[in-house]
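Read through the structure below, which is laid out as C-alpha cells, and then see the notes.
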Amino acid sequence: MEAIVADSPKGGAWSGGNNRPFDSSYGKMMMWFFIMSDALTFSGFLGAYGFIRFKYLDSWPIADEVFTHIPFIHGDFPMYYVAFMTFVLIFSSVTMVLAVDAGKHMQKGKVIVYMGLTIIGGLIFLGSQAWEWKTFIKGSYGAVQLQDGKIVQFVDGSGHQISLGSFASHTATERVQHKKENGLWFVSEASIPSVTLQQVKEGFAANPDIRMRTELINLETKEKTIVSREEANKFLEKATMVVEGANLTENEYGKTLFADFFFFITGFHGFHVFSGILINIIIFFNVIVGTYERRGHYEMVEKVGLYWHFVDLVWVFVFTFFYLI
C-alpha cells in the first residue's frame, strides 16, 4: 500500500505532516532554535557570575558606588545613567513591535519609521555602553592594593569616598612611563598612576580627617567597613601599589573578578546589540527599496524582531544581576 504524504497547505517544506510546527515558517523556527541556544549560553555566564557573587557576598563591589556617572555632568548619581540605558533599549523593543505590526498590515512607511527609531535606540544604547566601559576602565577615585590583592579606599569625615589626588602629597618623583622611546624598543607599559604609593602614604599621614575603608561589607547596613587610623597605617605598611580604574588584572572598586565578569558578559551582550543593529540596518534598507513589498510579506522584519526582543530580554537579566542585586 502506497503512503500518501500531503503537502503543507501553506507551501512549506515540512514532509512529516499536513501542518508546519507551531504554524511557523522554516526561517522563524531556525531563529527560535538560535535564540534558545543563545539563551542557554547567557544562562551559563550569569549562573557562573551568581556563584562567584555568592562566594564573595561580604566583599563584592557595591554597584551604587561603581556606576555613579552621567556624561558631561559632575556628581554622584548612582545607577541613573544605567537606568537611562535600560529605558532606551526597552523603548527600542516597543518600536520594533510597532514595525512588525505595520509590516503585517503592509504599511511600508510606518515600518521605515519604526525600524529607524529602533536602530537609533540601539545606537544610543551601544554608545552609552562604550562610554560606561571607558569610565569604568579610567576609574573614579583610585585605591591602594595590599600584598594579598585586597583593595582599600579612602573616605572623608562623612564617609564619602575621595580621590587619591585630593590628599596625596606633591613630592617630586622621577618615575616615568616606560615607552619605546625611553627604554628597550620592544618593551612598553601601560600608563602609570597619577600619584605614587609614597605620595599617598605621606598625604594620608598629613591629613588626620581622612579614613580608610576595606572591601569588607556590613551585610546589615550594606556599607563597607571603615577602619581606625591605627589599623589604616598597618594596612598601608602592606600596600604594594596604587590602582586607578579597572582592567582584567586590577580593579580599584574591589574584587578583580567583578571587572572580569563585567567586561565579559556586558561585552558579549554588547556584541549581540551591535550584530542586531547591523541586521536591522540591512533589513531597513531592504524595506526602503521595496524588497518585502514585492514579496508580499514582511516576515524578515518579524524574524529580526525576535532577535531584538531576545537581546532586550537578556539585558534585563544582566541589569538585574550586575546592577540591582
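Labels for the C-alpha cells follow display order: chains A, B, ..., residues from 1 in each chain, ligands from 1.
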>> So that I can see what lies close to range 255-271 of chain A, please list as a list in words the residues with an atom at most 8 Å from it, counting only C-alpha atoms and leaving out residues fewer than 3 positions away in the same chain.
In response: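 My reading of the contact set: Phe45, Leu46, Tyr49, Ser59, Trp60, Pro61, Leu126, Gln129, Trp133, Lys150, Ile151, Ala246, Asn247, Leu248, Thr249, Glu250, Asn251, Phe274, Ser275, Val311, Val314, Trp315, Val318 and Phe322 of chain A.
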Would you save the residues of that selection, restricted to C-alpha atoms, as a short mmCIF file (atom, residue, chain, number, x, y, z; two decimals), in the first residue's frame?
data_model
loop_
_atom_site.label_atom_id
_atom_site.label_comp_id
_atom_site.auth_asym_id
_atom_site.auth_seq_id
_atom_site.Cartn_x
_atom_site.Cartn_y
_atom_site.Cartn_z
CA PHE A 45 27.51 33.03 32.13
CA LEU A 46 25.03 34.59 34.55
CA TYR A 49 28.53 35.12 37.97
CA SER A 59 33.28 41.81 49.84
CA TRP A 60 31.74 42.21 46.38
CA PRO A 61 31.85 45.75 44.91
CA LEU A 126 25.68 50.84 22.36
CA GLN A 129 27.75 51.15 26.97
CA TRP A 133 33.28 50.94 29.71
CA LYS A 150 42.71 43.24 48.51
CA ILE A 151 41.75 46.82 47.81
CA ALA A 246 39.75 48.61 36.25
CA ASN A 247 41.01 46.01 33.81
CA LEU A 248 41.36 42.22 33.74
CA THR A 249 44.13 42.20 36.37
CA GLU A 250 43.40 45.25 38.55
CA ASN A 251 40.22 46.84 39.89
CA PHE A 274 25.96 45.50 17.60
CA SER A 275 25.01 42.49 15.45
CA VAL A 311 18.69 40.93 23.16
CA VAL A 314 18.86 39.34 28.13
CA TRP A 315 19.79 42.87 29.16
CA VAL A 318 22.20 41.37 33.05
CA PHE A 322 25.08 43.34 37.87
#
Which of range 160-304 of chain A fall in strand (DSSP E), as a PDB file with N, CA and C atoms, in the first residue's frame:
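Now in selection-v6.pdb:
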ATOM      1  N   ARG A 211      39.947  58.872  56.440  1.00  0.00           N
ATOM      2  CA  ARG A 211      39.864  57.499  56.944  1.00  0.00           C
ATOM      3  C   ARG A 211      40.025  56.510  55.801  1.00  0.00           C
ATOM      4  N   MET A 212      40.179  55.268  56.160  1.00  0.00           N
ATOM      5  CA  MET A 212      40.329  54.200  55.173  1.00  0.00           C
ATOM      6  C   MET A 212      39.196  53.195  55.338  1.00  0.00           C
ATOM      7  N   ARG A 213      38.718  52.661  54.217  1.00  0.00           N
ATOM      8  CA  ARG A 213      37.712  51.602  54.275  1.00  0.00           C
ATOM      9  C   ARG A 213      38.176  50.402  53.460  1.00  0.00           C
ATOM     10  N   THR A 214      37.780  49.231  53.894  1.00  0.00           N
ATOM     11  CA  THR A 214      38.211  47.987  53.267  1.00  0.00           C
ATOM     12  C   THR A 214      37.112  47.414  52.373  1.00  0.00           C
ATOM     13  N   GLU A 215      37.389  46.273  51.772  1.00  0.00           N
ATOM     14  CA  GLU A 215      36.401  45.599  50.933  1.00  0.00           C
ATOM     15  C   GLU A 215      35.254  44.998  51.752  1.00  0.00           C
ATOM     16  N   LEU A 216      35.520  44.711  53.031  1.00  0.00           N
ATOM     17  CA  LEU A 216      34.551  44.009  53.862  1.00  0.00           C
ATOM     18  C   LEU A 216      33.266  44.826  54.006  1.00  0.00           C
ATOM     19  N   ILE A 217      32.117  44.174  53.735  1.00  0.00           N
ATOM     20  CA  ILE A 217      30.809  44.849  53.747  1.00  0.00           C
ATOM     21  C   ILE A 217      29.998  44.389  54.944  1.00  0.00           C
ATOM     22  N   ASN A 218      29.400  45.342  55.625  1.00  0.00           N
ATOM     23  CA  ASN A 218      28.432  45.026  56.672  1.00  0.00           C
ATOM     24  C   ASN A 218      27.124  44.641  55.989  1.00  0.00           C
ATOM     25  N   GLU A 223      27.181  48.638  53.775  1.00  0.00           N
ATOM     26  CA  GLU A 223      28.250  49.618  53.644  1.00  0.00           C
ATOM     27  C   GLU A 223      29.594  48.970  53.933  1.00  0.00           C
ATOM     28  N   LYS A 224      30.639  49.493  53.303  1.00  0.00           N
ATOM     29  CA  LYS A 224      31.973  48.957  53.522  1.00  0.00           C
ATOM     30  C   LYS A 224      32.492  49.386  54.897  1.00  0.00           C
ATOM     31  N   THR A 225      33.403  48.593  55.437  1.00  0.00           N
ATOM     32  CA  THR A 225      33.921  48.815  56.788  1.00  0.00           C
ATOM     33  C   THR A 225      34.987  49.898  56.802  1.00  0.00           C
ATOM     34  N   ILE A 226      34.791  50.900  57.647  1.00  0.00           N
ATOM     35  CA  ILE A 226      35.777  51.962  57.827  1.00  0.00           C
ATOM     36  C   ILE A 226      36.612  51.624  59.061  1.00  0.00           C
ATOM     37  N   VAL A 227      37.926  51.615  58.896  1.00  0.00           N
ATOM     38  CA  VAL A 227      38.821  51.216  59.985  1.00  0.00           C
ATOM     39  C   VAL A 227      39.424  52.453  60.642  1.00  0.00           C
ATOM     40  N   ALA A 239      50.863  47.787  51.783  1.00  0.00           N
ATOM     41  CA  ALA A 239      50.455  48.220  50.449  1.00  0.00           C
ATOM     42  C   ALA A 239      51.554  47.947  49.425  1.00  0.00           C
ATOM     43  N   THR A 240      51.149  47.602  48.232  1.00  0.00           N
ATOM     44  CA  THR A 240      52.122  47.291  47.181  1.00  0.00           C
ATOM     45  C   THR A 240      52.041  48.240  45.995  1.00  0.00           C
ATOM     46  N   MET A 241      50.865  48.788  45.724  1.00  0.00           N
ATOM     47  CA  MET A 241      50.740  49.627  44.534  1.00  0.00           C
ATOM     48  C   MET A 241      49.457  50.460  44.574  1.00  0.00           C
ATOM     49  N   VAL A 242      49.446  51.491  43.754  1.00  0.00           N
ATOM     50  CA  VAL A 242      48.263  52.322  43.559  1.00  0.00           C
ATOM     51  C   VAL A 242      47.507  51.789  42.344  1.00  0.00           C
ATOM     52  N   VAL A 243      46.188  51.685  42.478  1.00  0.00           N
ATOM     53  CA  VAL A 243      45.346  51.188  41.390  1.00  0.00           C
ATOM     54  C   VAL A 243      44.353  52.270  40.997  1.00  0.00           C
TER      55      VAL A 243
END
Using 12 Å as the limit and counting only C-alpha atoms, can you tabulate each residue of range 239-311 of chain A that touches range 78-96 of chain A, with its shortest atom-to-atom distance in Å and the two atoms involved, as CSV?
residue,atom,partner,partner_atom,distance
A:Gly270,CA,A:Leu89,CA,11.7
A:Val273,CA,A:Leu89,CA,9.6
A:Gly276,CA,A:Ser92,CA,11.7
A:Ile277,CA,A:Ser92,CA,11.1
A:Asn280,CA,A:Met96,CA,9.8
A:Phe284,CA,A:Met96,CA,11.5
A:Val301,CA,A:Met96,CA,8.6
A:Glu302,CA,A:Met96,CA,8.7
A:Lys303,CA,A:Met96,CA,10.8
A:Val304,CA,A:Met96,CA,9.0
A:Gly305,CA,A:Met96,CA,6.1
A:Leu306,CA,A:Met96,CA,9.2
A:Tyr307,CA,A:Ser93,CA,10.3
A:Trp308,CA,A:Ser93,CA,7.0
A:His309,CA,A:Ser93,CA,5.9
A:Phe310,CA,A:Ser93,CA,9.5
A:Val311,CA,A:Leu89,CA,9.1
How would the residues just picked look written out with N, CA and C atoms as an mmCIF file, in the first residue's frame?
data_model
loop_
_atom_site.group_PDB
_atom_site.id
_atom_site.type_symbol
_atom_site.label_atom_id
_atom_site.label_comp_id
_atom_site.auth_asym_id
_atom_site.auth_seq_id
_atom_site.Cartn_x
_atom_site.Cartn_y
_atom_site.Cartn_z
ATOM 1 N N GLY A 270 26.903 43.317 24.421
ATOM 2 C CA GLY A 270 27.111 44.441 23.510
ATOM 3 C C GLY A 270 27.375 43.975 22.078
ATOM 4 N N VAL A 273 24.070 43.260 20.603
ATOM 5 C CA VAL A 273 23.388 44.501 20.226
ATOM 6 C C VAL A 273 23.964 45.041 18.923
ATOM 7 N N GLY A 276 22.724 43.012 16.111
ATOM 8 C CA GLY A 276 21.327 43.334 15.857
ATOM 9 C C GLY A 276 21.167 44.636 15.102
ATOM 10 N N ILE A 277 21.998 45.627 15.430
ATOM 11 C CA ILE A 277 21.926 46.915 14.725
ATOM 12 C C ILE A 277 22.295 46.735 13.257
ATOM 13 N N ASN A 280 19.453 44.993 11.524
ATOM 14 C CA ASN A 280 18.335 45.931 11.383
ATOM 15 C C ASN A 280 18.579 46.930 10.258
ATOM 16 N N PHE A 284 16.323 47.375 7.127
ATOM 17 C CA PHE A 284 15.787 48.725 6.959
ATOM 18 C C PHE A 284 15.918 49.198 5.508
ATOM 19 N N VAL A 301 11.241 41.226 8.781
ATOM 20 C CA VAL A 301 11.144 42.189 9.876
ATOM 21 C C VAL A 301 10.742 41.476 11.157
ATOM 22 N N GLU A 302 9.823 40.523 11.027
ATOM 23 C CA GLU A 302 9.386 39.767 12.200
ATOM 24 C C GLU A 302 10.515 38.914 12.767
ATOM 25 N N LYS A 303 11.328 38.322 11.903
ATOM 26 C CA LYS A 303 12.424 37.468 12.368
ATOM 27 C C LYS A 303 13.508 38.284 13.077
ATOM 28 N N VAL A 304 13.872 39.419 12.502
ATOM 29 C CA VAL A 304 14.871 40.246 13.178
ATOM 30 C C VAL A 304 14.289 40.844 14.456
ATOM 31 N N GLY A 305 12.955 40.999 14.486
ATOM 32 C CA GLY A 305 12.300 41.470 15.701
ATOM 33 C C GLY A 305 12.424 40.466 16.832
ATOM 34 N N LEU A 306 12.321 39.175 16.504
ATOM 35 C CA LEU A 306 12.510 38.141 17.529
ATOM 36 C C LEU A 306 13.902 38.242 18.145
ATOM 37 N N TYR A 307 14.901 38.419 17.302
ATOM 38 C CA TYR A 307 16.272 38.535 17.796
ATOM 39 C C TYR A 307 16.430 39.780 18.679
ATOM 40 N N TRP A 308 15.850 40.889 18.243
ATOM 41 C CA TRP A 308 15.994 42.140 19.000
ATOM 42 C C TRP A 308 15.308 42.050 20.364
ATOM 43 N N HIS A 309 14.151 41.415 20.408
ATOM 44 C CA HIS A 309 13.466 41.245 21.690
ATOM 45 C C HIS A 309 14.289 40.347 22.616
ATOM 46 N N PHE A 310 14.938 39.346 22.067
ATOM 47 C CA PHE A 310 15.791 38.479 22.873
ATOM 48 C C PHE A 310 16.947 39.266 23.480
ATOM 49 N N VAL A 311 17.581 40.109 22.668
ATOM 50 C CA VAL A 311 18.688 40.932 23.159
ATOM 51 C C VAL A 311 18.217 41.841 24.288
#
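Using only C-alpha atoms, the protein and nucleic acid residues lying no more than 10 Å from Phe77 in chain A, apart from those fewer than 2 places from it along its own chain, are Asp64, Glu65, Phe67, Thr68, His69, Ile70, Ile73, His74, Gly75, Met79, Tyr80 and Tyr81 of chain A.
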Resulting file, chosen residues, N, CA and C atoms, as an mmCIF file, in the first residue's frame:
data_model
loop_
_atom_site.group_PDB
_atom_site.id
_atom_site.type_symbol
_atom_site.label_atom_id
_atom_site.label_comp_id
_atom_site.auth_asym_id
_atom_site.auth_seq_id
_atom_site.Cartn_x
_atom_site.Cartn_y
_atom_site.Cartn_z
ATOM 1 N N ASP A 64 26.100 50.662 43.414
ATOM 2 C CA ASP A 64 25.765 52.078 43.614
ATOM 3 C C ASP A 64 26.998 52.949 43.802
ATOM 4 N N GLU A 65 28.130 52.338 44.149
ATOM 5 C CA GLU A 65 29.365 53.100 44.309
ATOM 6 C C GLU A 65 30.248 53.021 43.071
ATOM 7 N N PHE A 67 28.852 52.599 39.562
ATOM 8 C CA PHE A 67 28.214 53.213 38.399
ATOM 9 C C PHE A 67 27.463 54.467 38.835
ATOM 10 N N THR A 68 28.212 55.551 38.984
ATOM 11 C CA THR A 68 27.641 56.788 39.529
ATOM 12 C C THR A 68 27.774 57.976 38.578
ATOM 13 N N HIS A 69 28.173 57.720 37.334
ATOM 14 C CA HIS A 69 28.490 58.837 36.445
ATOM 15 C C HIS A 69 27.414 59.081 35.397
ATOM 16 N N ILE A 70 27.346 60.337 34.974
ATOM 17 C CA ILE A 70 26.491 60.761 33.868
ATOM 18 C C ILE A 70 27.352 61.617 32.944
ATOM 19 N N ILE A 73 28.222 65.640 33.206
ATOM 20 C CA ILE A 73 27.715 66.142 34.485
ATOM 21 C C ILE A 73 28.570 65.579 35.613
ATOM 22 N N HIS A 74 29.083 66.447 36.460
ATOM 23 C CA HIS A 74 29.886 66.014 37.590
ATOM 24 C C HIS A 74 28.978 65.834 38.813
ATOM 25 N N GLY A 75 29.181 64.759 39.506
ATOM 26 C CA GLY A 75 28.378 64.492 40.686
ATOM 27 C C GLY A 75 28.247 63.005 40.932
ATOM 28 N N MET A 79 23.422 54.774 39.486
ATOM 29 C CA MET A 79 22.523 53.985 38.640
ATOM 30 C C MET A 79 21.637 54.816 37.712
ATOM 31 N N TYR A 80 21.746 56.127 37.733
ATOM 32 C CA TYR A 80 20.857 56.941 36.906
ATOM 33 C C TYR A 80 21.084 56.665 35.422
ATOM 34 N N TYR A 81 22.345 56.693 35.014
ATOM 35 C CA TYR A 81 22.636 56.530 33.589
ATOM 36 C C TYR A 81 22.366 55.105 33.119
#
>> I need the residues of range 11-181 of chain A that end up classed as alpha helix (DSSP H) by DSSP on the backbone, written out as a ChimeraX atom specification.
In response: /A:26-55,63-66,80-104,108-138
Residues as selected, C-alpha atoms, written as a short mmCIF file (atom, residue, chain, number, x, y, z; two decimals), in the first residue's frame, can you do that?
data_model
loop_
_atom_site.label_atom_id
_atom_site.label_comp_id
_atom_site.auth_asym_id
_atom_site.auth_seq_id
_atom_site.Cartn_x
_atom_site.Cartn_y
_atom_site.Cartn_z
CA TYR A 26 11.34 27.42 8.47
CA GLY A 27 13.13 30.74 8.93
CA LYS A 28 11.28 31.65 12.14
CA MET A 29 11.82 28.15 13.53
CA MET A 30 15.56 28.45 12.95
CA MET A 31 15.58 31.85 14.64
CA TRP A 32 13.84 30.31 17.66
CA PHE A 33 16.42 27.49 17.75
CA PHE A 34 19.23 30.07 17.73
CA ILE A 35 17.57 32.11 20.47
CA MET A 36 17.15 29.05 22.68
CA SER A 37 20.79 28.01 22.28
CA ASP A 38 21.98 31.57 22.92
CA ALA A 39 19.74 31.79 25.98
CA LEU A 40 21.49 28.73 27.41
CA THR A 41 24.86 30.40 26.81
CA PHE A 42 23.85 33.56 28.67
CA SER A 43 22.31 31.43 31.42
CA GLY A 44 25.65 29.72 31.93
CA PHE A 45 27.51 33.03 32.13
CA LEU A 46 25.03 34.59 34.55
CA GLY A 47 24.91 31.40 36.60
CA ALA A 48 28.70 31.46 36.96
CA TYR A 49 28.53 35.12 37.97
CA GLY A 50 25.88 34.28 40.56
CA PHE A 51 28.01 31.55 42.15
CA ILE A 52 31.07 33.83 42.41
CA ARG A 53 28.92 36.71 43.66
CA PHE A 54 27.53 34.50 46.42
CA LYS A 55 31.00 33.22 47.33
CA ALA A 63 27.08 48.79 42.20
CA ASP A 64 25.76 52.08 43.61
CA GLU A 65 29.37 53.10 44.31
CA VAL A 66 30.73 51.95 40.96
CA TYR A 80 20.86 56.94 36.91
CA TYR A 81 22.64 56.53 33.59
CA VAL A 82 22.32 52.74 33.63
CA ALA A 83 18.58 53.18 34.15
CA PHE A 84 18.50 55.54 31.16
CA MET A 85 20.33 52.98 29.01
CA THR A 86 17.86 50.30 30.04
CA PHE A 87 14.89 52.52 29.25
CA VAL A 88 16.25 53.28 25.78
CA LEU A 89 16.76 49.60 24.97
CA ILE A 90 13.30 48.63 26.22
CA PHE A 91 11.75 51.50 24.25
CA SER A 92 13.52 50.21 21.12
CA SER A 93 11.69 46.91 21.68
CA VAL A 94 8.41 48.83 21.61
CA THR A 95 9.28 50.46 18.29
CA MET A 96 10.28 47.06 16.92
CA VAL A 97 6.85 45.66 17.90
CA LEU A 98 5.23 48.56 16.06
CA ALA A 99 7.42 47.89 13.00
CA VAL A 100 6.38 44.22 12.94
CA ASP A 101 2.72 45.15 13.31
CA ALA A 102 2.99 47.69 10.50
CA GLY A 103 4.61 45.03 8.31
CA LYS A 104 1.70 42.66 8.88
CA LYS A 108 5.75 50.35 4.33
CA GLY A 109 6.05 53.93 5.57
CA LYS A 110 5.39 53.01 9.19
CA VAL A 111 7.83 50.09 9.00
CA ILE A 112 10.55 52.50 7.87
CA VAL A 113 9.83 54.98 10.68
CA TYR A 114 9.66 52.41 13.47
CA MET A 115 12.70 50.46 12.29
CA GLY A 116 14.62 53.73 12.06
CA LEU A 117 13.70 54.53 15.67
CA THR A 118 14.76 51.02 16.71
CA ILE A 119 18.17 51.48 15.08
CA ILE A 120 18.62 54.88 16.74
CA GLY A 121 17.73 53.38 20.13
CA GLY A 122 20.25 50.58 19.63
CA LEU A 123 22.99 53.05 18.67
CA ILE A 124 22.29 55.18 21.75
CA PHE A 125 22.48 52.11 23.98
CA LEU A 126 25.68 50.84 22.36
CA GLY A 127 27.31 54.27 22.58
CA SER A 128 26.27 54.55 26.23
CA GLN A 129 27.75 51.15 26.97
CA ALA A 130 31.03 52.16 25.31
CA TRP A 131 31.11 55.33 27.42
CA GLU A 132 30.40 53.28 30.56
CA TRP A 133 33.28 50.94 29.71
CA LYS A 134 35.61 53.91 29.23
CA THR A 135 34.58 55.40 32.57
CA PHE A 136 34.93 52.04 34.33
CA ILE A 137 38.40 51.50 32.86
CA LYS A 138 39.56 55.02 33.69
#
> Taking into account only C-alpha atoms, which residue in the set A:Ala232, A:Leu57, A:Ile325, A:Val195 is nearest to Val155 in chain A?
Replying inline: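 Among the listed residues, the smallest separation from Val155 in chain A belongs to A:Ala232.
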